[in-house]
file target21.pdb (PDB, C-alpha atoms, pLDDT in the B column)
ATOM      1  CA  MET A   1       0.000   0.000   0.000  1.00 64.00           C
ATOM      2  CA  GLU A   2       1.181   3.504  -0.807  1.00 75.00           C
ATOM      3  CA  LYS A   3       2.549   5.361   2.216  1.00 81.00           C
ATOM      4  CA  ILE A   4       0.563   8.439   3.271  1.00 93.00           C
ATOM      5  CA  SER A   5       1.614  11.407   5.395  1.00 93.00           C
ATOM      6  CA  LYS A   6       2.082  11.170   9.155  1.00 93.00           C
ATOM      7  CA  SER A   7      -0.892  13.467   9.622  1.00 94.00           C
ATOM      8  CA  HIS A   8      -3.183  11.305   7.523  1.00 96.00           C
ATOM      9  CA  GLU A   9      -1.954   8.193   9.320  1.00 95.00           C
ATOM     10  CA  ASP A  10      -2.933   9.897  12.581  1.00 95.00           C
ATOM     11  CA  TYR A  11      -6.442  10.480  11.225  1.00 97.00           C
ATOM     12  CA  LEU A  12      -6.822   6.827  10.237  1.00 96.00           C
ATOM     13  CA  GLU A  13      -5.496   5.724  13.617  1.00 96.00           C
ATOM     14  CA  ALA A  14      -7.904   8.045  15.458  1.00 96.00           C
ATOM     15  CA  ILE A  15     -10.864   6.800  13.426  1.00 97.00           C
ATOM     16  CA  VAL A  16      -9.972   3.190  14.251  1.00 96.00           C
ATOM     17  CA  MET A  17      -9.555   4.099  17.941  1.00 95.00           C
ATOM     18  CA  LEU A  18     -13.015   5.671  17.923  1.00 96.00           C
ATOM     19  CA  GLY A  19     -14.513   2.437  16.635  1.00 91.00           C
ATOM     20  CA  GLY A  20     -14.409   3.450  12.998  1.00 83.00           C
ATOM     21  CA  GLY A  21     -12.831   0.178  12.055  1.00 77.00           C
ATOM     22  CA  THR A  22     -16.331  -1.291  12.161  1.00 84.00           C
ATOM     23  CA  ASN A  23     -18.717   1.642  12.705  1.00 91.00           C
ATOM     24  CA  PRO A  24     -19.134   5.142  11.266  1.00 93.00           C
ATOM     25  CA  VAL A  25     -17.691   7.975  13.357  1.00 96.00           C
ATOM     26  CA  ARG A  26     -18.546  11.642  13.496  1.00 95.00           C
ATOM     27  CA  ALA A  27     -16.086  14.253  12.257  1.00 94.00           C
ATOM     28  CA  VAL A  28     -16.529  16.192  15.500  1.00 95.00           C
ATOM     29  CA  ASP A  29     -15.358  13.157  17.492  1.00 96.00           C
ATOM     30  CA  VAL A  30     -12.249  12.826  15.320  1.00 97.00           C
ATOM     31  CA  ALA A  31     -11.592  16.562  15.787  1.00 97.00           C
ATOM     32  CA  THR A  32     -11.885  16.230  19.562  1.00 97.00           C
ATOM     33  CA  LYS A  33      -9.649  13.136  19.653  1.00 96.00           C
ATOM     34  CA  LEU A  34      -6.886  14.831  17.661  1.00 96.00           C
ATOM     35  CA  GLY A  35      -7.336  18.335  19.072  1.00 96.00           C
ATOM     36  CA  VAL A  36      -7.983  19.859  15.655  1.00 97.00           C
ATOM     37  CA  SER A  37     -10.843  21.772  14.066  1.00 96.00           C
ATOM     38  CA  LYS A  38     -13.710  20.069  12.283  1.00 93.00           C
ATOM     39  CA  ALA A  39     -12.569  21.874   9.126  1.00 94.00           C
ATOM     40  CA  SER A  40      -9.173  20.170   9.428  1.00 96.00           C
ATOM     41  CA  VAL A  41     -10.903  16.813   9.737  1.00 96.00           C
ATOM     42  CA  ASN A  42     -12.991  17.509   6.640  1.00 93.00           C
ATOM     43  CA  LYS A  43      -9.886  18.457   4.664  1.00 96.00           C
ATOM     44  CA  ALA A  44      -8.026  15.332   5.762  1.00 97.00           C
ATOM     45  CA  ILE A  45     -11.010  13.094   5.034  1.00 96.00           C
ATOM     46  CA  SER A  46     -11.164  14.544   1.514  1.00 95.00           C
ATOM     47  CA  VAL A  47      -7.587  13.375   0.942  1.00 96.00           C
ATOM     48  CA  LEU A  48      -8.308   9.971   2.482  1.00 97.00           C
ATOM     49  CA  LYS A  49     -11.371   9.635   0.235  1.00 96.00           C
ATOM     50  CA  GLU A  50      -9.246  10.452  -2.835  1.00 95.00           C
ATOM     51  CA  LYS A  51      -6.825   7.696  -1.811  1.00 96.00           C
ATOM     52  CA  GLY A  52      -9.659   5.204  -1.379  1.00 95.00           C
ATOM     53  CA  LEU A  53      -9.174   4.879   2.388  1.00 96.00           C
ATOM     54  CA  ALA A  54     -12.342   6.555   3.676  1.00 96.00           C
ATOM     55  CA  ALA A  55     -15.890   7.363   2.679  1.00 94.00           C
ATOM     56  CA  GLN A  56     -18.156  10.142   3.859  1.00 92.00           C
ATOM     57  CA  PRO A  57     -21.407  11.310   2.348  1.00 88.00           C
ATOM     58  CA  HIS A  58     -21.865  15.085   2.297  1.00 82.00           C
ATOM     59  CA  TYR A  59     -21.821  16.087   6.001  1.00 78.00           C
ATOM     60  CA  GLY A  60     -22.301  12.458   7.040  1.00 89.00           C
ATOM     61  CA  ASP A  61     -20.398  10.134   9.289  1.00 94.00           C
ATOM     62  CA  ILE A  62     -16.977   8.829   8.306  1.00 96.00           C
ATOM     63  CA  THR A  63     -16.433   5.194   7.425  1.00 94.00           C
ATOM     64  CA  LEU A  64     -13.218   3.476   6.445  1.00 96.00           C
ATOM     65  CA  THR A  65     -12.862   1.328   3.378  1.00 95.00           C
ATOM     66  CA  PRO A  66     -11.343  -2.114   3.904  1.00 95.00           C
ATOM     67  CA  ALA A  67      -7.980  -0.636   2.831  1.00 96.00           C
ATOM     68  CA  GLY A  68      -8.416   2.304   5.217  1.00 96.00           C
ATOM     69  CA  ARG A  69      -9.351  -0.020   8.055  1.00 96.00           C
ATOM     70  CA  ALA A  70      -6.294  -2.183   7.397  1.00 95.00           C
ATOM     71  CA  TYR A  71      -3.968   0.832   7.205  1.00 94.00           C
ATOM     72  CA  GLY A  72      -5.404   2.490  10.330  1.00 95.00           C
ATOM     73  CA  THR A  73      -5.304  -0.752  12.292  1.00 94.00           C
ATOM     74  CA  LYS A  74      -1.686  -1.268  11.248  1.00 92.00           C
ATOM     75  CA  VAL A  75      -0.739   2.203  12.511  1.00 93.00           C
ATOM     76  CA  LEU A  76      -2.581   1.623  15.803  1.00 94.00           C
ATOM     77  CA  ASP A  77      -0.943  -1.779  16.263  1.00 91.00           C
ATOM     78  CA  ARG A  78       2.496  -0.234  15.689  1.00 91.00           C
ATOM     79  CA  HIS A  79       1.728   2.508  18.187  1.00 93.00           C
ATOM     80  CA  GLN A  80       0.610   0.048  20.849  1.00 92.00           C
ATOM     81  CA  ALA A  81       3.585  -2.279  20.326  1.00 89.00           C
ATOM     82  CA  LEU A  82       6.079   0.578  20.466  1.00 91.00           C
ATOM     83  CA  THR A  83       4.410   2.100  23.532  1.00 93.00           C
ATOM     84  CA  LEU A  84       4.492  -1.248  25.304  1.00 89.00           C
ATOM     85  CA  PHE A  85       8.164  -1.785  24.501  1.00 89.00           C
ATOM     86  CA  LEU A  86       9.192   1.713  25.551  1.00 92.00           C
ATOM     87  CA  SER A  87       7.212   1.681  28.803  1.00 93.00           C
ATOM     88  CA  LYS A  88       7.446  -1.943  29.954  1.00 89.00           C
ATOM     89  CA  GLY A  89      10.594  -3.058  28.158  1.00 86.00           C
ATOM     90  CA  LEU A  90      12.722   0.026  28.716  1.00 92.00           C
ATOM     91  CA  GLY A  91      11.018   1.547  31.750  1.00 95.00           C
ATOM     92  CA  ILE A  92      10.241   4.883  30.112  1.00 96.00           C
ATOM     93  CA  ASP A  93       7.410   6.723  31.838  1.00 96.00           C
ATOM     94  CA  PRO A  94       4.066   6.018  30.120  1.00 94.00           C
ATOM     95  CA  GLN A  95       3.421   9.594  28.972  1.00 95.00           C
ATOM     96  CA  THR A  96       6.837   9.891  27.301  1.00 96.00           C
ATOM     97  CA  ALA A  97       6.533   6.375  25.859  1.00 95.00           C
ATOM     98  CA  GLU A  98       3.158   7.293  24.334  1.00 93.00           C
ATOM     99  CA  ALA A  99       4.460  10.499  22.738  1.00 94.00           C
ATOM    100  CA  GLU A 100       7.623   8.895  21.392  1.00 95.00           C
ATOM    101  CA  ALA A 101       5.773   5.846  20.058  1.00 93.00           C
ATOM    102  CA  CYS A 102       3.558   8.236  18.098  1.00 91.00           C
ATOM    103  CA  LEU A 103       6.638   9.682  16.414  1.00 92.00           C
ATOM    104  CA  MET A 104       8.285   6.322  15.795  1.00 91.00           C
ATOM    105  CA  GLU A 105       5.225   4.570  14.353  1.00 90.00           C
ATOM    106  CA  HIS A 106       5.391   6.735  11.245  1.00 88.00           C
ATOM    107  CA  ALA A 107       9.102   6.427  10.585  1.00 89.00           C
ATOM    108  CA  ILE A 108       9.894   2.755  11.029  1.00 89.00           C
ATOM    109  CA  SER A 109       9.821   0.500   7.952  1.00 88.00           C
ATOM    110  CA  ASP A 110       7.505  -2.496   7.724  1.00 88.00           C
ATOM    111  CA  GLU A 111      10.485  -4.843   7.723  1.00 93.00           C
ATOM    112  CA  SER A 112      11.996  -3.299  10.850  1.00 92.00           C
ATOM    113  CA  MET A 113       8.623  -3.184  12.596  1.00 89.00           C
ATOM    114  CA  ASN A 114       7.980  -6.868  11.854  1.00 90.00           C
ATOM    115  CA  LYS A 115      11.327  -7.781  13.399  1.00 91.00           C
ATOM    116  CA  TRP A 116      10.703  -5.467  16.348  1.00 85.00           C
ATOM    117  CA  GLU A 117       7.285  -7.005  16.981  1.00 82.00           C
ATOM    118  CA  ALA A 118       8.786 -10.508  16.894  1.00 88.00           C
ATOM    119  CA  TYR A 119      11.388  -9.369  19.422  1.00 84.00           C
ATOM    120  CA  ILE A 120       8.746  -7.781  21.660  1.00 77.00           C
ATOM    121  CA  LYS A 121       6.717 -11.006  21.607  1.00 81.00           C
ATOM    122  CA  SER A 122       9.812 -12.960  22.594  1.00 85.00           C
ATOM    123  CA  LEU A 123      10.159 -10.746  25.691  1.00 76.00           C
ATOM    124  CA  ASP A 124       6.643 -11.677  26.833  1.00 73.00           C
ATOM    125  CA  LEU A 125       5.842  -8.143  28.018  1.00 65.00           C
TER     126      LEU A 125
END

call {"tool": "encode", "arguments": {"input": "target21.pdb", "output": "structure tokens"}}
result
Amino acid sequence: MEKISKSHEDYLEAIVMLGGGTNPVRAVDVATKLGVSKASVNKAISVLKEKGLAAQPHYGDITLTPAGRAYGTKVLDRHQALTLFLSKGLGIDPQTAEAEACLMEHAISDESMNKWEAYIKSLDL
């Protein structure tokens, strides 16, 4: 799948976190979750729609396409695995681990993340 911007990955991740992996979510809820304006959400969703990752009827709730659901779930899974490793594996305080995992989830390659996840599982955190 084509890589999208960090910002758009954050939108997909937020939609999945809000239950949008299986149910429609409201733009206002995404805005609240990410601390952005509803207009910013609408702009981002337009891009995600163009890329075939989201759907939204005019002023309706946001749904993810199967590709959008898969991409957003992948970003969320990366975030959770990295947060777990940083906090439990390395002893970094949870707030710092959360913030740093958010940065790392966008930069790490699929190959490196797969190896990292295998390593994390071997630690039994």

call {"tool": "closest_atom_pairs", "arguments": {"input": "target21.pdb", "of": "region 1-67 of chain A", "to": "region 103-111 of chain A", "cutoff": "12 Å", "atoms": "all atoms listed in the file", "output": "JSON lines"}}
result
{"residue": "A:Met1", "atom": "CA", "partner": "A:Asp110", "partner_atom": "CA", "distance": 11.1}
{"residue": "A:Lys3", "atom": "CA", "partner": "A:His106", "partner_atom": "CA", "distance": 9.6}
{"residue": "A:Ile4", "atom": "CA", "partner": "A:His106", "partner_atom": "CA", "distance": 9.5}
{"residue": "A:Ser5", "atom": "CA", "partner": "A:His106", "partner_atom": "CA", "distance": 8.4}
{"residue": "A:Lys6", "atom": "CA", "partner": "A:His106", "partner_atom": "CA", "distance": 5.9}
{"residue": "A:Ser7", "atom": "CA", "partner": "A:His106", "partner_atom": "CA", "distance": 9.4}
{"residue": "A:His8", "atom": "CA", "partner": "A:His106", "partner_atom": "CA", "distance": 10.4}
{"residue": "A:Glu9", "atom": "CA", "partner": "A:His106", "partner_atom": "CA", "distance": 7.7}
{"residue": "A:Asp10", "atom": "CA", "partner": "A:His106", "partner_atom": "CA", "distance": 9.0}
{"residue": "A:Glu13", "atom": "CA", "partner": "A:Glu105", "partner_atom": "CA", "distance": 10.8}

call {"tool": "write_last_selection", "arguments": {"input": "target21.pdb", "atoms": "C-alpha atoms", "output": "tab-separated table (two decimals), in the frame of the given file"}}
result
chain	number	residue	atom	x	y	z
A	1	MET	CA	0.00	0.00	0.00
A	3	LYS	CA	2.55	5.36	2.22
A	4	ILE	CA	0.56	8.44	3.27
A	5	SER	CA	1.61	11.41	5.40
A	6	LYS	CA	2.08	11.17	9.15
A	7	SER	CA	-0.89	13.47	9.62
A	8	HIS	CA	-3.18	11.30	7.52
A	9	GLU	CA	-1.95	8.19	9.32
A	10	ASP	CA	-2.93	9.90	12.58
A	13	GLU	CA	-5.50	5.72	13.62

call {"tool": "residues_around", "arguments": {"input": "target21.pdb", "residues": "Thr65 (chain A)", "least_positions_apart": "6", "cutoff": "10 Å", "atoms": "all atoms listed in the file", "output": "ChimeraX atom specification"}}
result
/A:20-22,48-49,52-55,71

call {"tool": "resolve_selection", "arguments": {"input": "target21.pdb", "expression": "the PyMOL selection byres ((chain A and resi 45) around 10)", "output": "PDB file with C-alpha atoms, in the coordinates of the input"}}
result
ATOM      1  CA  HIS A   8      -3.183  11.305   7.523  1.00 96.00           C
ATOM      2  CA  TYR A  11      -6.442  10.480  11.225  1.00 97.00           C
ATOM      3  CA  LEU A  12      -6.822   6.827  10.237  1.00 96.00           C
ATOM      4  CA  ALA A  27     -16.086  14.253  12.257  1.00 94.00           C
ATOM      5  CA  ALA A  39     -12.569  21.874   9.126  1.00 94.00           C
ATOM      6  CA  SER A  40      -9.173  20.170   9.428  1.00 96.00           C
ATOM      7  CA  VAL A  41     -10.903  16.813   9.737  1.00 96.00           C
ATOM      8  CA  ASN A  42     -12.991  17.509   6.640  1.00 93.00           C
ATOM      9  CA  LYS A  43      -9.886  18.457   4.664  1.00 96.00           C
ATOM     10  CA  ALA A  44      -8.026  15.332   5.762  1.00 97.00           C
ATOM     11  CA  SER A  46     -11.164  14.544   1.514  1.00 95.00           C
ATOM     12  CA  VAL A  47      -7.587  13.375   0.942  1.00 96.00           C
ATOM     13  CA  LEU A  48      -8.308   9.971   2.482  1.00 97.00           C
ATOM     14  CA  LYS A  49     -11.371   9.635   0.235  1.00 96.00           C
ATOM     15  CA  GLU A  50      -9.246  10.452  -2.835  1.00 95.00           C
ATOM     16  CA  LYS A  51      -6.825   7.696  -1.811  1.00 96.00           C
ATOM     17  CA  LEU A  53      -9.174   4.879   2.388  1.00 96.00           C
ATOM     18  CA  ALA A  54     -12.342   6.555   3.676  1.00 96.00           C
ATOM     19  CA  ALA A  55     -15.890   7.363   2.679  1.00 94.00           C
ATOM     20  CA  GLN A  56     -18.156  10.142   3.859  1.00 92.00           C
ATOM     21  CA  ILE A  62     -16.977   8.829   8.306  1.00 96.00           C
ATOM     22  CA  THR A  63     -16.433   5.194   7.425  1.00 94.00           C
ATOM     23  CA  LEU A  64     -13.218   3.476   6.445  1.00 96.00           C
TER      24      LEU A  64
END

call {"tool": "resolve_selection", "arguments": {"input": "target21.pdb", "expression": "the PyMOL selection byres ((chain A and resi 114-123) around 10)", "output": "number ranges by chain"}}
result
A: 77-78, 81-82, 84-85, 89, 108-113, 124-125

call {"tool": "atom_distance", "arguments": {"input": "target21.pdb", "atom1": "CA of Arg26 (chain A)", "atom2": "CA of Lys38 (chain A)"}}
result
9.8 Å

call {"tool": "axis_aligned_box", "arguments": {"input": "target21.pdb", "around": "region 95-114 of chain A", "padding_each_side": "4 Å", "output": "JSON"}}
result
{"center_x": 7.6, "center_y": 1.8, "center_z": 18.3, "size_x": 16.8, "size_y": 25.4, "size_z": 29.2}

call {"tool": "closest_residue", "arguments": {"input": "target21.pdb", "among": "A:Ile92, A:Ala101, A:Ala14, A:Val36", "to": "His79 (chain A)", "atoms": "all atoms listed in the file"}}
result
A:Ala101

call {"tool": "atom_distance", "arguments": {"input": "target21.pdb", "atom1": "CA of Ile15 (chain A)", "atom2": "CA of Val30 (chain A)"}}
result
6.5 Å

call {"tool": "atom_distance", "arguments": {"input": "target21.pdb", "atom1": "CA of Gly72 (chain A)", "atom2": "CA of Met17 (chain A)"}}
result
8.8 Å

call {"tool": "closest_residue", "arguments": {"input": "target21.pdb", "among": "A:Val16, A:Leu90, A:Ala99, A:Asp29", "to": "Val75 (chain A)", "atoms": "all atoms listed in the file"}}
result
A:Val16

call {"tool": "build_atoms", "arguments": {"input": "target21.pdb", "residues": "region 80-96 of chain A", "atoms": "N, CA, C and O atoms", "output": "PDB file, keeping the file's coordinate frame"}}
result
ATOM      1  N   GLN A  80       0.768   0.800  19.607  1.00 92.00           N
ATOM      2  CA  GLN A  80       0.610   0.048  20.849  1.00 92.00           C
ATOM      3  C   GLN A  80       1.840  -0.812  21.146  1.00 92.00           C
ATOM      4  O   GLN A  80       2.282  -0.878  22.293  1.00 92.00           O
ATOM      5  N   ALA A  81       2.398  -1.440  20.118  1.00 89.00           N
ATOM      6  CA  ALA A  81       3.585  -2.279  20.326  1.00 89.00           C
ATOM      7  C   ALA A  81       4.779  -1.430  20.760  1.00 89.00           C
ATOM      8  O   ALA A  81       5.523  -1.805  21.670  1.00 89.00           O
ATOM      9  N   LEU A  82       4.963  -0.295  20.112  1.00 91.00           N
ATOM     10  CA  LEU A  82       6.079   0.578  20.466  1.00 91.00           C
ATOM     11  C   LEU A  82       5.904   1.156  21.866  1.00 91.00           C
ATOM     12  O   LEU A  82       6.860   1.226  22.641  1.00 91.00           O
ATOM     13  N   THR A  83       4.684   1.564  22.198  1.00 93.00           N
ATOM     14  CA  THR A  83       4.410   2.100  23.532  1.00 93.00           C
ATOM     15  C   THR A  83       4.700   1.052  24.597  1.00 93.00           C
ATOM     16  O   THR A  83       5.347   1.348  25.611  1.00 93.00           O
ATOM     17  N   LEU A  84       4.257  -0.167  24.361  1.00 89.00           N
ATOM     18  CA  LEU A  84       4.492  -1.248  25.304  1.00 89.00           C
ATOM     19  C   LEU A  84       5.990  -1.490  25.501  1.00 89.00           C
ATOM     20  O   LEU A  84       6.469  -1.598  26.627  1.00 89.00           O
ATOM     21  N   PHE A  85       6.728  -1.544  24.403  1.00 89.00           N
ATOM     22  CA  PHE A  85       8.164  -1.785  24.501  1.00 89.00           C
ATOM     23  C   PHE A  85       8.863  -0.654  25.254  1.00 89.00           C
ATOM     24  O   PHE A  85       9.683  -0.900  26.139  1.00 89.00           O
ATOM     25  N   LEU A  86       8.532   0.582  24.907  1.00 92.00           N
ATOM     26  CA  LEU A  86       9.192   1.713  25.551  1.00 92.00           C
ATOM     27  C   LEU A  86       8.859   1.787  27.041  1.00 92.00           C
ATOM     28  O   LEU A  86       9.745   2.053  27.863  1.00 92.00           O
ATOM     29  N   SER A  87       7.602   1.547  27.387  1.00 93.00           N
ATOM     30  CA  SER A  87       7.212   1.681  28.803  1.00 93.00           C
ATOM     31  C   SER A  87       7.584   0.446  29.622  1.00 93.00           C
ATOM     32  O   SER A  87       8.241   0.570  30.655  1.00 93.00           O
ATOM     33  N   LYS A  88       7.197  -0.720  29.168  1.00 89.00           N
ATOM     34  CA  LYS A  88       7.446  -1.943  29.954  1.00 89.00           C
ATOM     35  C   LYS A  88       8.848  -2.498  29.721  1.00 89.00           C
ATOM     36  O   LYS A  88       9.501  -2.934  30.650  1.00 89.00           O
ATOM     37  N   GLY A  89       9.295  -2.483  28.478  1.00 86.00           N
ATOM     38  CA  GLY A  89      10.594  -3.058  28.158  1.00 86.00           C
ATOM     39  C   GLY A  89      11.764  -2.201  28.582  1.00 86.00           C
ATOM     40  O   GLY A  89      12.769  -2.703  29.077  1.00 86.00           O
ATOM     41  N   LEU A  90      11.616  -0.881  28.404  1.00 92.00           N
ATOM     42  CA  LEU A  90      12.722   0.026  28.716  1.00 92.00           C
ATOM     43  C   LEU A  90      12.499   0.856  29.971  1.00 92.00           C
ATOM     44  O   LEU A  90      13.408   1.552  30.417  1.00 92.00           O
ATOM     45  N   GLY A  91      11.287   0.809  30.522  1.00 95.00           N
ATOM     46  CA  GLY A  91      11.018   1.547  31.750  1.00 95.00           C
ATOM     47  C   GLY A  91      10.825   3.045  31.569  1.00 95.00           C
ATOM     48  O   GLY A  91      10.954   3.805  32.520  1.00 95.00           O
ATOM     49  N   ILE A  92      10.505   3.459  30.369  1.00 96.00           N
ATOM     50  CA  ILE A  92      10.241   4.883  30.112  1.00 96.00           C
ATOM     51  C   ILE A  92       8.853   5.211  30.660  1.00 96.00           C
ATOM     52  O   ILE A  92       7.929   4.404  30.535  1.00 96.00           O
ATOM     53  N   ASP A  93       8.710   6.385  31.258  1.00 96.00           N
ATOM     54  CA  ASP A  93       7.410   6.723  31.838  1.00 96.00           C
ATOM     55  C   ASP A  93       6.333   6.679  30.745  1.00 96.00           C
ATOM     56  O   ASP A  93       6.607   6.992  29.587  1.00 96.00           O
ATOM     57  N   PRO A  94       5.123   6.254  31.104  1.00 94.00           N
ATOM     58  CA  PRO A  94       4.066   6.018  30.120  1.00 94.00           C
ATOM     59  C   PRO A  94       3.742   7.216  29.218  1.00 94.00           C
ATOM     60  O   PRO A  94       3.502   7.051  28.033  1.00 94.00           O
ATOM     61  N   GLN A  95       3.754   8.412  29.771  1.00 95.00           N
ATOM     62  CA  GLN A  95       3.421   9.594  28.972  1.00 95.00           C
ATOM     63  C   GLN A  95       4.484   9.839  27.894  1.00 95.00           C
ATOM     64  O   GLN A  95       4.155  10.106  26.740  1.00 95.00           O
ATOM     65  N   THR A  96       5.751   9.723  28.256  1.00 96.00           N
ATOM     66  CA  THR A  96       6.837   9.891  27.301  1.00 96.00           C
ATOM     67  C   THR A  96       6.818   8.760  26.279  1.00 96.00           C
ATOM     68  O   THR A  96       6.997   8.985  25.081  1.00 96.00           O
TER      69      THR A  96
END
